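Colleague: Hey, dropping protein.txt in here, compact mmCIF, C-alpha atoms (C1' of nucleotides):
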# COMPACT_ATOMS: atom_id res chain seq x y z
CA MET A 1 -11.61 -21.18 -2.48
CA THR A 2 -12.26 -17.57 -3.31
CA ALA A 3 -15.42 -17.90 -5.36
CA ALA A 4 -17.79 -20.83 -5.44
CA THR A 5 -19.35 -19.60 -2.24
CA HIS A 6 -21.78 -17.58 -4.27
CA GLY A 7 -24.30 -18.51 -6.85
CA PRO A 8 -24.46 -17.21 -10.39
CA VAL A 9 -22.82 -13.90 -11.16
CA ARG A 10 -25.18 -11.15 -12.23
CA MET A 11 -24.53 -8.49 -14.76
CA THR A 12 -25.41 -5.12 -13.36
CA ARG A 13 -25.32 -1.56 -14.62
CA GLN A 14 -22.56 -0.81 -12.11
CA ARG A 15 -20.30 -3.64 -13.17
CA ALA A 16 -20.67 -2.80 -16.81
CA ALA A 17 -19.90 0.83 -16.04
CA VAL A 18 -16.74 0.07 -14.10
CA ALA A 19 -15.46 -2.33 -16.76
CA ASP A 20 -16.26 0.16 -19.47
CA ALA A 21 -14.61 3.06 -17.68
CA LEU A 22 -11.49 1.02 -17.14
CA GLN A 23 -11.34 0.02 -20.78
CA GLY A 24 -11.70 3.64 -21.70
CA VAL A 25 -8.37 4.70 -20.18
CA GLU A 26 -4.85 3.70 -21.10
CA GLU A 27 -3.40 4.52 -17.73
CA PHE A 28 -3.32 2.84 -14.38
CA ARG A 29 -6.02 4.43 -12.27
CA SER A 30 -6.90 4.23 -8.62
CA ALA A 31 -10.32 3.13 -7.45
CA GLN A 32 -11.06 6.66 -6.36
CA GLN A 33 -10.06 8.10 -9.70
CA LEU A 34 -12.29 5.63 -11.51
CA HIS A 35 -15.11 6.47 -9.16
CA GLU A 36 -14.70 10.09 -10.16
CA VAL A 37 -14.60 9.22 -13.83
CA LEU A 38 -17.89 7.37 -13.52
CA ARG A 39 -19.39 10.22 -11.56
CA SER A 40 -18.47 12.83 -14.14
CA ARG A 41 -19.85 10.55 -16.80
CA GLY A 42 -23.20 10.39 -15.15
CA ASP A 43 -22.86 6.80 -14.03
CA THR A 44 -23.67 6.73 -10.35
CA VAL A 45 -21.76 3.92 -8.70
CA GLY A 46 -20.96 3.65 -5.02
CA LEU A 47 -17.30 3.77 -4.09
CA ALA A 48 -17.55 0.44 -2.28
CA THR A 49 -18.96 -1.11 -5.40
CA VAL A 50 -16.09 0.23 -7.46
CA TYR A 51 -13.66 -1.43 -5.07
CA ARG A 52 -15.57 -4.69 -5.09
CA THR A 53 -15.83 -4.79 -8.85
CA LEU A 54 -12.18 -4.00 -9.38
CA GLN A 55 -11.18 -6.76 -7.02
CA ALA A 56 -13.37 -9.20 -8.92
CA LEU A 57 -11.84 -8.14 -12.22
CA VAL A 58 -8.35 -8.62 -10.82
CA ASP A 59 -9.26 -12.06 -9.54
CA GLY A 60 -10.66 -12.90 -12.93
CA GLY A 61 -7.41 -11.93 -14.59
CA ASP A 62 -8.94 -9.19 -16.69
CA VAL A 63 -7.28 -6.39 -14.80
CA ASP A 64 -3.75 -5.81 -13.53
CA VAL A 65 -3.14 -4.08 -10.23
CA LEU A 66 -0.02 -2.62 -8.71
CA ARG A 67 0.94 -0.32 -5.90
CA THR A 68 2.23 3.20 -6.26
CA ASP A 69 5.05 4.54 -4.11
CA ASP A 70 2.61 5.78 -1.54
CA GLY A 71 0.79 2.49 -1.27
CA GLU A 72 -2.27 3.21 -3.34
CA SER A 73 -3.58 0.43 -5.57
CA VAL A 74 -3.96 1.30 -9.22
CA TYR A 75 -5.75 -0.75 -11.83
CA ARG A 76 -5.51 -1.19 -15.57
CA TRP A 77 -7.31 -3.28 -18.17
CA CYS A 78 -4.29 -4.60 -20.05
CA ALA A 79 -4.36 -5.69 -23.65
CA ARG A 80 -2.70 -8.99 -23.00
CA ARG A 81 -3.71 -11.47 -20.35
CA GLU A 82 -0.36 -13.23 -20.56
CA HIS A 83 2.41 -12.37 -18.13
CA HIS A 84 4.04 -9.00 -18.81
CA HIS A 85 5.52 -6.02 -17.07
CA HIS A 86 4.85 -2.28 -17.12
CA LEU A 87 6.65 0.95 -17.71
CA VAL A 88 4.53 3.47 -15.85
CA CYS A 89 4.73 7.25 -15.73
CA ARG A 90 4.78 8.07 -12.05
CA ARG A 91 3.15 11.39 -12.75
CA CYS A 92 0.25 10.71 -15.13
CA GLY A 93 0.03 6.95 -15.06
CA ARG A 94 0.62 6.48 -18.76
CA THR A 95 1.63 2.87 -19.28
CA VAL A 96 3.51 0.78 -21.77
CA GLU A 97 3.24 -3.00 -21.57
CA ILE A 98 6.60 -4.68 -21.95
CA ASP A 99 8.07 -8.14 -22.14
CA GLY A 100 11.16 -9.19 -20.30
CA PRO A 101 12.21 -12.62 -21.50
CA THR A 102 15.73 -11.96 -20.27
CA VAL A 103 14.43 -10.97 -16.87
CA GLU A 104 12.28 -14.05 -16.56
CA ALA A 105 15.23 -16.32 -17.23
CA TRP A 106 17.47 -14.33 -14.91
CA ALA A 107 14.95 -14.46 -12.09
CA HIS A 108 14.57 -18.18 -12.40
CA ARG A 109 18.28 -18.83 -12.55
CA VAL A 110 19.07 -16.66 -9.53
CA GLY A 111 16.35 -18.35 -7.56
CA GLU A 112 17.67 -21.82 -8.27
CA GLU A 113 21.22 -20.79 -7.56
CA HIS A 114 20.12 -20.04 -4.01
CA GLY A 115 18.04 -23.15 -3.62
CA PHE A 116 14.72 -21.37 -3.89
CA ALA A 117 11.77 -22.91 -5.70
CA ASP A 118 8.49 -21.59 -7.10
CA ILE A 119 10.22 -18.40 -8.08
CA ASP A 120 7.92 -15.48 -8.74
CA HIS A 121 8.98 -11.96 -9.50
CA THR A 122 7.87 -8.37 -9.34
CA VAL A 123 9.33 -6.22 -12.07
CA GLU A 124 7.87 -2.81 -12.70
CA LEU A 125 9.51 0.23 -14.25
CA TRP A 126 8.68 3.76 -13.20
CA GLY A 127 9.65 6.96 -14.93
CA THR A 128 8.47 10.29 -16.21
CA CYS A 129 6.98 10.15 -19.69
CA ALA A 130 7.92 12.58 -22.43
CA SER A 131 4.87 14.83 -22.16
CA CYS A 132 5.00 15.05 -18.38
CA LEU A 133 8.65 15.90 -18.70
CA ALA A 134 7.77 18.79 -20.96
CA ALA A 135 4.98 19.92 -18.66
CA LEU A 136 7.35 19.90 -15.72
CA ARG A 137 9.90 21.95 -17.56
CA ASN A 138 7.29 24.62 -18.20
CA ALA A 139 5.88 24.66 -14.69
CA THR A 140 9.22 24.67 -12.94
CA PRO A 141 11.83 26.72 -14.80
CA GLU A 142 14.21 26.11 -11.94
CA ALA A 143 14.21 25.53 -8.21
CA MET B 1 13.85 19.84 -0.32
CA THR B 2 13.41 17.14 2.26
CA ALA B 3 16.28 17.73 4.64
CA ALA B 4 18.46 20.81 5.07
CA THR B 5 15.65 22.52 6.96
CA HIS B 6 17.03 21.13 10.17
CA GLY B 7 20.27 21.63 11.96
CA PRO B 8 22.63 18.95 13.28
CA VAL B 9 21.32 15.44 13.81
CA ARG B 10 21.35 14.23 17.40
CA MET B 11 22.05 10.75 18.60
CA THR B 12 19.36 9.60 20.97
CA ARG B 13 18.64 6.48 22.92
CA GLN B 14 15.62 5.81 20.70
CA ARG B 15 17.51 6.06 17.45
CA ALA B 16 20.24 3.80 18.66
CA ALA B 17 17.66 1.28 19.84
CA VAL B 18 15.80 1.18 16.53
CA ALA B 19 18.99 0.82 14.54
CA ASP B 20 20.22 -1.89 16.83
CA ALA B 21 16.97 -3.84 16.73
CA LEU B 22 16.97 -3.71 12.97
CA GLN B 23 20.52 -4.96 12.74
CA GLY B 24 19.56 -7.83 14.98
CA VAL B 25 17.25 -9.48 12.46
CA GLU B 26 17.96 -10.97 9.05
CA GLU B 27 14.43 -10.62 7.74
CA PHE B 28 12.33 -7.73 6.57
CA ARG B 29 10.25 -6.41 9.44
CA SER B 30 7.39 -3.95 9.70
CA ALA B 31 7.52 -0.84 11.87
CA GLN B 32 4.97 -2.35 14.20
CA GLN B 33 6.94 -5.56 14.52
CA LEU B 34 10.09 -3.64 15.35
CA HIS B 35 8.17 -1.56 17.85
CA GLU B 36 7.15 -4.80 19.53
CA VAL B 37 10.71 -6.12 19.46
CA LEU B 38 11.92 -2.98 21.23
CA ARG B 39 9.10 -3.20 23.72
CA SER B 40 9.88 -6.81 24.64
CA ARG B 41 13.50 -5.86 24.96
CA GLY B 42 12.75 -3.20 27.48
CA ASP B 43 13.54 -0.29 25.20
CA THR B 44 10.61 2.07 25.38
CA VAL B 45 10.25 3.89 22.10
CA GLY B 46 7.09 5.54 20.82
CA LEU B 47 5.59 4.09 17.68
CA ALA B 48 5.74 7.43 15.94
CA THR B 49 9.43 7.60 16.70
CA VAL B 50 9.97 4.15 15.25
CA TYR B 51 8.31 5.30 12.04
CA ARG B 52 10.30 8.52 11.94
CA THR B 53 13.57 6.78 12.59
CA LEU B 54 12.96 4.10 9.99
CA GLN B 55 12.11 6.74 7.44
CA ALA B 56 15.32 8.57 8.25
CA LEU B 57 17.34 5.39 7.92
CA VAL B 58 15.75 4.69 4.56
CA ASP B 59 16.48 8.21 3.39
CA GLY B 60 20.04 7.82 4.58
CA GLY B 61 20.42 4.68 2.54
CA ASP B 62 21.13 2.44 5.53
CA VAL B 63 17.86 0.58 5.32
CA ASP B 64 15.86 -0.92 2.48
CA VAL B 65 12.11 -0.83 2.45
CA LEU B 66 9.56 -2.68 0.37
CA ARG B 67 5.86 -3.31 0.43
CA THR B 68 4.22 -6.60 1.20
CA ASP B 69 1.24 -7.79 -0.78
CA ASP B 70 -1.15 -6.14 1.62
CA GLY B 71 0.57 -2.78 1.44
CA GLU B 72 2.53 -2.82 4.66
CA SER B 73 6.03 -1.38 4.59
CA VAL B 74 8.78 -3.70 5.79
CA TYR B 75 12.33 -2.69 6.54
CA ARG B 76 15.71 -4.39 6.54
CA TRP B 77 19.24 -3.29 7.35
CA CYS B 78 21.03 -4.66 4.31
CA ALA B 79 24.71 -5.51 4.21
CA ARG B 80 25.45 -3.43 1.16
CA ARG B 81 24.46 0.17 0.67
CA GLU B 82 24.80 -0.06 -3.08
CA HIS B 83 21.75 -0.70 -5.19
CA HIS B 84 20.64 -4.32 -5.10
CA HIS B 85 17.57 -6.51 -5.17
CA HIS B 86 16.17 -9.23 -2.93
CA LEU B 87 15.24 -12.85 -3.15
CA VAL B 88 12.79 -13.34 -0.33
CA CYS B 89 11.29 -16.56 0.96
CA ARG B 90 7.59 -15.99 0.95
CA ARG B 91 7.19 -18.43 3.79
CA CYS B 92 9.86 -17.57 6.35
CA GLY B 93 11.07 -14.20 5.13
CA ARG B 94 14.67 -15.32 4.70
CA THR B 95 16.35 -12.86 2.38
CA VAL B 96 19.26 -13.02 -0.02
CA GLU B 97 20.67 -9.84 -1.47
CA ILE B 98 21.32 -10.08 -5.18
CA ASP B 99 22.75 -8.00 -8.00
CA GLY B 100 21.15 -7.61 -11.37
CA PRO B 101 23.49 -5.70 -13.64
CA THR B 102 21.69 -7.09 -16.66
CA VAL B 103 18.35 -5.99 -15.31
CA GLU B 104 19.59 -2.50 -14.57
CA ALA B 105 20.75 -2.03 -18.12
CA TRP B 106 17.60 -3.54 -19.53
CA ALA B 107 15.38 -1.31 -17.41
CA HIS B 108 17.20 1.80 -18.47
CA ARG B 109 17.20 0.88 -22.14
CA VAL B 110 13.49 0.03 -22.20
CA GLY B 111 12.70 3.30 -20.48
CA GLU B 112 14.60 5.39 -22.95
CA GLU B 113 13.18 3.50 -25.89
CA HIS B 114 9.79 4.78 -24.85
CA GLY B 115 10.87 8.32 -24.10
CA PHE B 116 10.69 8.01 -20.33
CA ALA B 117 13.18 9.74 -18.06
CA ASP B 118 14.28 9.25 -14.47
CA ILE B 119 13.78 5.53 -14.82
CA ASP B 120 13.47 3.69 -11.58
CA HIS B 121 12.66 0.04 -11.15
CA THR B 122 11.18 -2.39 -8.73
CA VAL B 123 12.64 -5.87 -8.99
CA GLU B 124 12.02 -8.31 -6.21
CA LEU B 125 12.08 -12.09 -6.34
CA TRP B 126 9.86 -14.28 -4.22
CA GLY B 127 10.22 -17.99 -3.74
CA THR B 128 10.34 -20.83 -1.26
CA CYS B 129 13.76 -21.40 0.27
CA ALA B 130 15.34 -24.84 0.52
CA SER B 131 14.57 -25.48 4.17
CA CYS B 132 10.97 -24.34 3.85
CA LEU B 133 10.66 -26.58 0.82
CA ALA B 134 11.84 -29.54 2.90
CA ALA B 135 9.49 -28.62 5.71
CA LEU B 136 6.61 -28.43 3.28
CA ARG B 137 7.44 -31.81 1.79
CA ASN B 138 7.22 -33.37 5.22
CA ALA B 139 4.01 -31.64 6.17
CA THR B 140 2.29 -32.23 2.85
CA PRO B 141 3.31 -35.53 1.19
CA GLU B 142 1.04 -34.70 -1.70
CA ALA B 143 -2.01 -32.64 -2.49
C1' DC C 1 -45.31 -9.52 -17.59
C1' DC C 2 -44.87 -10.52 -12.83
C1' DC C 3 -42.74 -13.23 -8.67
C1' DG C 4 -39.54 -14.55 -5.69
C1' DA C 5 -35.18 -16.37 -4.30
C1' DT C 6 -30.80 -14.60 -4.24
C1' DT C 7 -27.27 -11.47 -5.38
C1' DT C 8 -25.79 -6.57 -5.33
C1' DT C 9 -25.76 -2.14 -4.06
C1' DG C 10 -24.74 1.98 -1.33
C1' DA C 11 -24.46 5.04 2.61
C1' DC C 12 -21.93 4.94 6.49
C1' DA C 13 -19.30 2.93 10.14
C1' DA C 14 -15.11 0.57 11.12
C1' DT C 15 -10.12 -0.74 10.26
C1' DC C 16 -5.49 0.06 10.16
C1' DA C 17 -1.10 1.65 8.92
C1' DT C 18 1.01 5.86 8.84
C1' DT C 19 1.46 10.87 9.65
C1' DC C 20 0.57 15.12 12.18
C1' DT C 21 0.38 18.13 16.37
C1' DC C 22 2.58 20.33 19.92
C1' DA C 23 3.94 20.69 24.65
C1' DA C 24 7.40 18.40 27.43
C1' DC C 25 12.01 16.68 27.10
C1' DA C 26 16.87 15.84 26.14
C1' DG C 27 21.43 16.31 23.35
C1' DC C 28 25.42 18.95 23.13
C1' DG C 29 28.44 22.94 22.59
C1' DC C 30 29.74 26.49 25.79
C1' DG D 1 24.85 24.00 34.68
C1' DC D 2 22.51 26.87 30.67
C1' DG D 3 20.17 27.38 26.83
C1' DC D 4 19.26 26.73 22.07
C1' DT D 5 17.16 23.29 19.20
C1' DG D 6 16.32 19.00 17.58
C1' DT D 7 13.48 15.06 19.35
C1' DT D 8 10.03 12.49 21.62
C1' DG D 9 5.48 10.63 22.60
C1' DA D 10 0.52 10.41 23.39
C1' DG D 11 -3.18 11.01 21.03
C1' DA D 12 -5.72 13.07 17.24
C1' DA D 13 -6.04 13.09 12.31
C1' DT D 14 -5.66 11.19 7.70
C1' DG D 15 -6.84 8.36 3.96
C1' DA D 16 -7.36 4.24 1.46
C1' DT D 17 -9.80 0.13 1.85
C1' DT D 18 -13.16 -3.11 3.87
C1' DG D 19 -17.25 -4.47 6.64
C1' DT D 20 -22.35 -3.91 7.71
C1' DC D 21 -26.95 -4.57 6.52
C1' DA D 22 -31.36 -2.96 4.91
C1' DA D 23 -33.18 -1.64 0.44
C1' DA D 24 -32.97 -2.42 -4.52
C1' DA D 25 -32.12 -4.99 -8.64
C1' DT D 26 -31.23 -9.35 -11.50
C1' DC D 27 -33.08 -13.20 -13.91
C1' DG D 28 -35.15 -17.79 -14.47
C1' DG D 29 -39.68 -19.59 -14.11
C1' DG D 30 -44.59 -19.38 -14.15
What's the structure tokens form of this structure?

Modeller:
Amino acid sequence: MTAATHGPVRMTRQRAAVADALQGVEEFRSAQQLHEVLRSRGDTVGLATVYRTLQALVDGGDVDVLRTDDGESVYRWCARREHHHHLVCRRCGRTVEIDGPTVEAWAHRVGEEHGFADIDHTVELWGTCASCLAALRNATPEA
Amino acid sequence: MTAATHGPVRMTRQRAAVADALQGVEEFRSAQQLHEVLRSRGDTVGLATVYRTLQALVDGGDVDVLRTDDGESVYRWCARREHHHHLVCRRCGRTVEIDGPTVEAWAHRVGEEHGFADIDHTVELWGTCASCLAALRNATPEA
DNA sequence: CCCGATTTTGACAATCATTCTCAACAGCGC
DNA sequence: GCGCTGTTGAGAATGATTGTCAAAATCGGG
């Protein structure tokens, strides 16, 4: 009930640009950041269009989205479409896709133990990656 | 670098009211919802003050906060101050506090394996609680 | 190659939760 | 009660995201 209200989907320069830009980065990026990337690349795409396209990609399952601590949505074109989690650098966005078979089982078991059904889970790891750690050490010798 | 810039903390009618309202509900509630609860109770507290107080309570470790799908922050005065996760009914908001020792260890190990430091994790479970399940069965015999 | 029906775009306004501003106000130790 | 400060609140400001709608672009058909 989300699509089907529209006719055929058209391929446009803007959509191709957004998809391409997203596939060109390894990190999770906000809509605004991607808009800037496109801009600096020479691809002129309206900010609203970037948002619309990203939403469509998420709905289509091509892109993963999650929220940062301050509530901003960040997007990433993940290698695998299957269910997985992320280890994200909270400073630069660098991301590692990870599995969590143990977690899946645990989540399901805990849910059933409490009489809950249709268990779904949110599991994301945040940290500071090695290079950002080094950068921080240089920039801030001490407090 | 967040506190320590201020002197002694003062107990005010507003702070007591917010804390009390929060302890009066079992579910996660948004700042705006709490503001409304206070209002209907007769406690006049400015919205900004509700936000400030909630933030302080979160910082103090008395209250847990998490984000709903649409990015709104919701708060809950949890029974235990120690680190824990939540199993939340996506229909009625009923919440069960849960431990996840295995998950903690797993999160930390995965982080280190990839050279990340200061690992933090977001682990929340969503499901449909028993009573909501029954209610749904009555309302919707089948699809 | 051009047309036309229909989908998309983009500049800008509108939302909305949350934070900021700052003068008036209220704890609390004396 | 006094005064020093931390606190409040009304409203402005912020900032990401979404809505509006006329102009522009897609693409199948002629």

Colleague: (-41.6, -11.8, -6.8) in this file's frame - what residues fall within 12 Å of it? Use all atoms listed in the file and give the answer as a ChimeraX atom specification.

Modeller: /C:1-6 /D:25-30

Colleague: Tell me which protein, DNA and RNA residues are within 8 Å of region 103-120 of chain B, counting all atoms listed in the file, leaving out same-chain ones fewer than 4 positions away, and put them as a short mmCIF file (atom, residue, chain, number, x, y, z; two decimals) with C-alpha atoms, in the coordinates of the input.

Modeller:
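Contents of the output file around.cif:
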data_model
loop_
_atom_site.label_atom_id
_atom_site.label_comp_id
_atom_site.auth_asym_id
_atom_site.auth_seq_id
_atom_site.Cartn_x
_atom_site.Cartn_y
_atom_site.Cartn_z
CA LEU A 87 6.65 0.95 -17.71
CA CYS A 89 4.73 7.25 -15.73
CA VAL A 103 14.43 -10.97 -16.87
CA LEU A 125 9.51 0.23 -14.25
CA TRP A 126 8.68 3.76 -13.20
CA GLY A 127 9.65 6.96 -14.93
CA THR A 128 8.47 10.29 -16.21
CA CYS A 129 6.98 10.15 -19.69
CA ALA A 130 7.92 12.58 -22.43
CA LEU A 133 8.65 15.90 -18.70
#

Colleague: Which polymer residues, whether protein, DNA or RNA, lie within 10 Å of the coordinate (-6.1, -10.8, -11.8) when you count all atoms listed in the file? List them as a VMD selection string, using the chain letters and numbers from the file.

Modeller: chain A and resid 54 to 65 77 81

Colleague: Mind doing a quick least-squares superposition of chain A onto chain B, all C-alpha atoms paired one-to-one in order, and writing it out as a CSV table (one decimal) with C-alpha atoms, keeping the file's coordinate frame?

Modeller:
chain,number,residue,atom,x,y,z
A,1,MET,CA,13.6,19.8,1.1
A,2,THR,CA,13.0,17.0,3.4
A,3,ALA,CA,15.4,17.8,6.2
A,4,ALA,CA,17.0,21.1,6.9
A,5,THR,CA,13.8,22.2,8.6
A,6,HIS,CA,15.1,20.9,11.8
A,7,GLY,CA,18.2,21.7,13.8
A,8,PRO,CA,20.9,19.2,14.9
A,9,VAL,CA,19.9,15.5,15.0
A,10,ARG,CA,20.1,14.0,18.5
A,11,MET,CA,21.2,10.5,19.4
A,12,THR,CA,18.6,8.9,21.6
A,13,ARG,CA,18.2,5.6,23.3
A,14,GLN,CA,15.3,4.8,21.0
A,15,ARG,CA,17.1,5.5,17.8
A,16,ALA,CA,20.1,3.5,18.8
A,17,ALA,CA,17.8,0.6,19.8
A,18,VAL,CA,15.9,0.6,16.5
A,19,ALA,CA,19.1,0.8,14.5
A,20,ASP,CA,20.6,-2.0,16.5
A,21,ALA,CA,17.6,-4.2,16.3
A,22,LEU,CA,17.5,-3.8,12.6
A,23,GLN,CA,21.2,-4.7,12.3
A,24,GLY,CA,20.5,-7.7,14.4
A,25,VAL,CA,18.3,-9.4,11.8
A,26,GLU,CA,19.0,-10.6,8.3
A,27,GLU,CA,15.4,-10.5,7.1
A,28,PHE,CA,13.1,-7.8,6.0
A,29,ARG,CA,10.9,-6.9,9.0
A,30,SER,CA,7.9,-4.7,9.3
A,31,ALA,CA,7.8,-1.8,11.7
A,32,GLN,CA,5.4,-3.7,14.0
A,33,GLN,CA,7.7,-6.8,14.0
A,34,LEU,CA,10.6,-4.6,15.0
A,35,HIS,CA,8.6,-3.0,17.7
A,36,GLU,CA,7.9,-6.4,19.1
A,37,VAL,CA,11.5,-7.4,18.9
A,38,LEU,CA,12.5,-4.3,20.9
A,39,ARG,CA,9.8,-5.0,23.4
A,40,SER,CA,10.9,-8.5,24.0
A,41,ARG,CA,14.4,-7.3,24.4
A,42,GLY,CA,13.4,-4.9,27.1
A,43,ASP,CA,13.9,-1.8,25.0
A,44,THR,CA,10.7,0.2,25.4
A,45,VAL,CA,10.1,2.3,22.3
A,46,GLY,CA,6.8,3.7,21.1
A,47,LEU,CA,5.4,2.3,17.9
A,48,ALA,CA,5.2,5.8,16.4
A,49,THR,CA,8.9,6.3,17.2
A,50,VAL,CA,9.8,3.1,15.5
A,51,TYR,CA,8.0,4.3,12.3
A,52,ARG,CA,9.6,7.7,12.5
A,53,THR,CA,13.1,6.3,13.0
A,54,LEU,CA,12.7,3.8,10.2
A,55,GLN,CA,11.6,6.5,7.8
A,56,ALA,CA,14.7,8.5,8.8
A,57,LEU,CA,17.0,5.6,8.2
A,58,VAL,CA,15.4,5.0,4.8
A,59,ASP,CA,15.8,8.6,3.8
A,60,GLY,CA,19.4,8.4,5.0
A,61,GLY,CA,20.1,5.5,2.7
A,62,ASP,CA,21.0,3.2,5.5
A,63,VAL,CA,17.9,1.0,5.2
A,64,ASP,CA,16.0,-0.5,2.3
A,65,VAL,CA,12.3,-0.7,2.3
A,66,LEU,CA,9.9,-2.6,0.1
A,67,ARG,CA,6.2,-3.6,0.1
A,68,THR,CA,4.9,-7.1,0.6
A,69,ASP,CA,2.0,-8.5,-1.4
A,70,ASP,CA,-0.5,-7.2,1.1
A,71,GLY,CA,0.9,-3.7,1.2
A,72,GLU,CA,2.9,-3.8,4.4
A,73,SER,CA,6.3,-2.0,4.4
A,74,VAL,CA,9.2,-4.0,5.4
A,75,TYR,CA,12.7,-2.8,6.3
A,76,ARG,CA,16.2,-4.1,6.1
A,77,TRP,CA,19.6,-2.8,7.0
A,78,CYS,CA,21.5,-4.0,3.8
A,79,ALA,CA,25.2,-4.7,3.7
A,80,ARG,CA,25.7,-2.6,0.6
A,81,ARG,CA,24.5,1.0,0.1
A,82,GLU,CA,25.0,0.7,-3.6
A,83,HIS,CA,22.0,-0.2,-5.9
A,84,HIS,CA,21.0,-3.8,-5.7
A,85,HIS,CA,18.0,-6.1,-5.7
A,86,HIS,CA,16.6,-8.7,-3.3
A,87,LEU,CA,15.5,-12.3,-3.4
A,88,VAL,CA,13.1,-12.5,-0.5
A,89,CYS,CA,11.4,-15.5,1.1
A,90,ARG,CA,7.7,-14.5,1.2
A,91,ARG,CA,7.2,-16.7,4.2
A,92,CYS,CA,10.0,-15.8,6.6
A,93,GLY,CA,11.6,-12.8,5.1
A,94,ARG,CA,15.0,-14.3,4.6
A,95,THR,CA,16.8,-12.2,2.1
A,96,VAL,CA,19.7,-12.5,-0.4
A,97,GLU,CA,21.1,-9.3,-1.9
A,98,ILE,CA,21.7,-9.7,-5.6
A,99,ASP,CA,23.1,-7.8,-8.5
A,100,GLY,CA,21.4,-7.6,-11.9
A,101,PRO,CA,23.8,-5.9,-14.3
A,102,THR,CA,21.9,-7.5,-17.2
A,103,VAL,CA,18.7,-6.2,-15.9
A,104,GLU,CA,20.0,-2.7,-15.5
A,105,ALA,CA,21.1,-2.5,-19.1
A,106,TRP,CA,17.9,-4.1,-20.3
A,107,ALA,CA,15.7,-1.6,-18.4
A,108,HIS,CA,17.6,1.3,-19.7
A,109,ARG,CA,17.5,0.0,-23.3
A,110,VAL,CA,13.8,-0.7,-23.2
A,111,GLY,CA,13.1,2.7,-21.8
A,112,GLU,CA,15.0,4.5,-24.5
A,113,GLU,CA,13.4,2.4,-27.2
A,114,HIS,CA,10.1,3.8,-26.2
A,115,GLY,CA,11.3,7.4,-25.8
A,116,PHE,CA,11.3,7.4,-22.1
A,117,ALA,CA,14.0,9.1,-20.1
A,118,ASP,CA,15.1,9.0,-16.4
A,119,ILE,CA,14.4,5.3,-16.4
A,120,ASP,CA,14.1,3.8,-12.9
A,121,HIS,CA,13.2,0.2,-12.1
A,122,THR,CA,11.7,-2.0,-9.5
A,123,VAL,CA,13.1,-5.5,-9.5
A,124,GLU,CA,12.4,-7.7,-6.6
A,125,LEU,CA,12.3,-11.5,-6.5
A,126,TRP,CA,10.0,-13.4,-4.2
A,127,GLY,CA,10.1,-17.1,-3.4
A,128,THR,CA,10.0,-19.7,-0.7
A,129,CYS,CA,13.4,-20.4,0.8
A,130,ALA,CA,14.7,-24.0,1.4
A,131,SER,CA,14.0,-24.2,5.1
A,132,CYS,CA,10.5,-22.8,4.8
A,133,LEU,CA,9.9,-25.3,2.0
A,134,ALA,CA,10.8,-28.1,4.3
A,135,ALA,CA,8.7,-26.7,7.1
A,136,LEU,CA,5.7,-26.5,4.8
A,137,ARG,CA,6.2,-30.0,3.6
A,138,ASN,CA,6.0,-31.2,7.2
A,139,ALA,CA,3.0,-29.1,8.2
A,140,THR,CA,1.0,-29.8,5.1
A,141,PRO,CA,1.4,-33.4,3.9
A,142,GLU,CA,-1.2,-32.8,1.3
A,143,ALA,CA,-4.3,-30.7,0.8

Colleague: Please list as number ranges by chain every residue within 12 Å of Val37 (chain B), counting only C-alpha atoms (C1' of nucleotides) and excluding residues in the same chain fewer than 2 positions away.

Modeller: B: 17-25, 29-35, 39-45, 47, 50

Colleague: I want to know what sits within 9 Å of Gly46 (chain A), based on all atoms listed in the file, with residues of the same chain fewer than 6 positions away left out; could you give that as a PDB file with C-alpha atoms (C1' of nucleotides), keeping the file's coordinate frame?

Modeller:
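Output contents, as saved in result_32.pdb:
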ATOM      1  CA  GLN A  14     -22.560  -0.810 -12.110  1.00  0.00           C
ATOM      2  CA  HIS A  35     -15.110   6.470  -9.160  1.00  0.00           C
TER       3      HIS A  35
ATOM      4  C1'  DT C   9     -25.760  -2.140  -4.060  1.00  0.00           C
ATOM      5  C1'  DG C  10     -24.740   1.980  -1.330  1.00  0.00           C
ATOM      6  C1'  DA C  11     -24.460   5.040   2.610  1.00  0.00           C
TER       7       DA C  11
END

Colleague: Between D:DT18, D:DA24, D:DC2, D:DA10, which has the minimum distance to chain A (counting all atoms listed in the file)?

Modeller: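 Closest candidate: D:DT18.
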
Colleague: Excluding DC28 (chain C) and its own-chain neighbours fewer than 2 positions away, which residues fall within 12 Å of it when counting all atoms listed in the file? Please give them as a ChimeraX atom specification.

Modeller: /B:8-12 /C:26,30 /D:2-6

Colleague: When you draw a straight line from CA of Asp69 (chain A) to CA of Pro101 (chain A), how long is it in Å?

Modeller: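 Computed distance, CA of Asp69 (chain A) to CA of Pro101 (chain A), equals 25.5 Å.
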
Colleague: When distances are computed from all atoms listed in the file, which of B:Arg67, B:Glu82, B:Arg76, B:Val88 shows the smallest separation from Gly100 (chain B)?

Modeller: B:Glu82

Colleague: Separation of CA of Glu124 (chain A) and CA of Gly93 (chain A), in Å?

Modeller: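 Computed distance, CA of Glu124 (chain A) to CA of Gly93 (chain A), equals 12.7 Å.
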
Colleague: Please, what distance in Å, to one decimal, runs between CA of Ser131 (chain B) and CA of Ile98 (chain B)?

Modeller: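 Atom-to-atom, CA of Ser131 (chain B) to CA of Ile98 (chain B), that is 19.2 Å.
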
Colleague: Return as JSON, numbers by chain the residues belonging to chain C that are within 12 Å of chain B, counting only C-alpha atoms (C1' of nucleotides).

Modeller: {"C": [16, 17, 18, 19, 20, 21, 25, 26, 27, 28, 29]}

Colleague: Would you mind telling me which residue in D:DT8, D:DG1, D:DA13, D:DT20 lies nearest to chain A when using only C-alpha atoms (C1' of nucleotides)?

Modeller: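 Answer, going by the shortest atom-to-atom distance: D:DT20.
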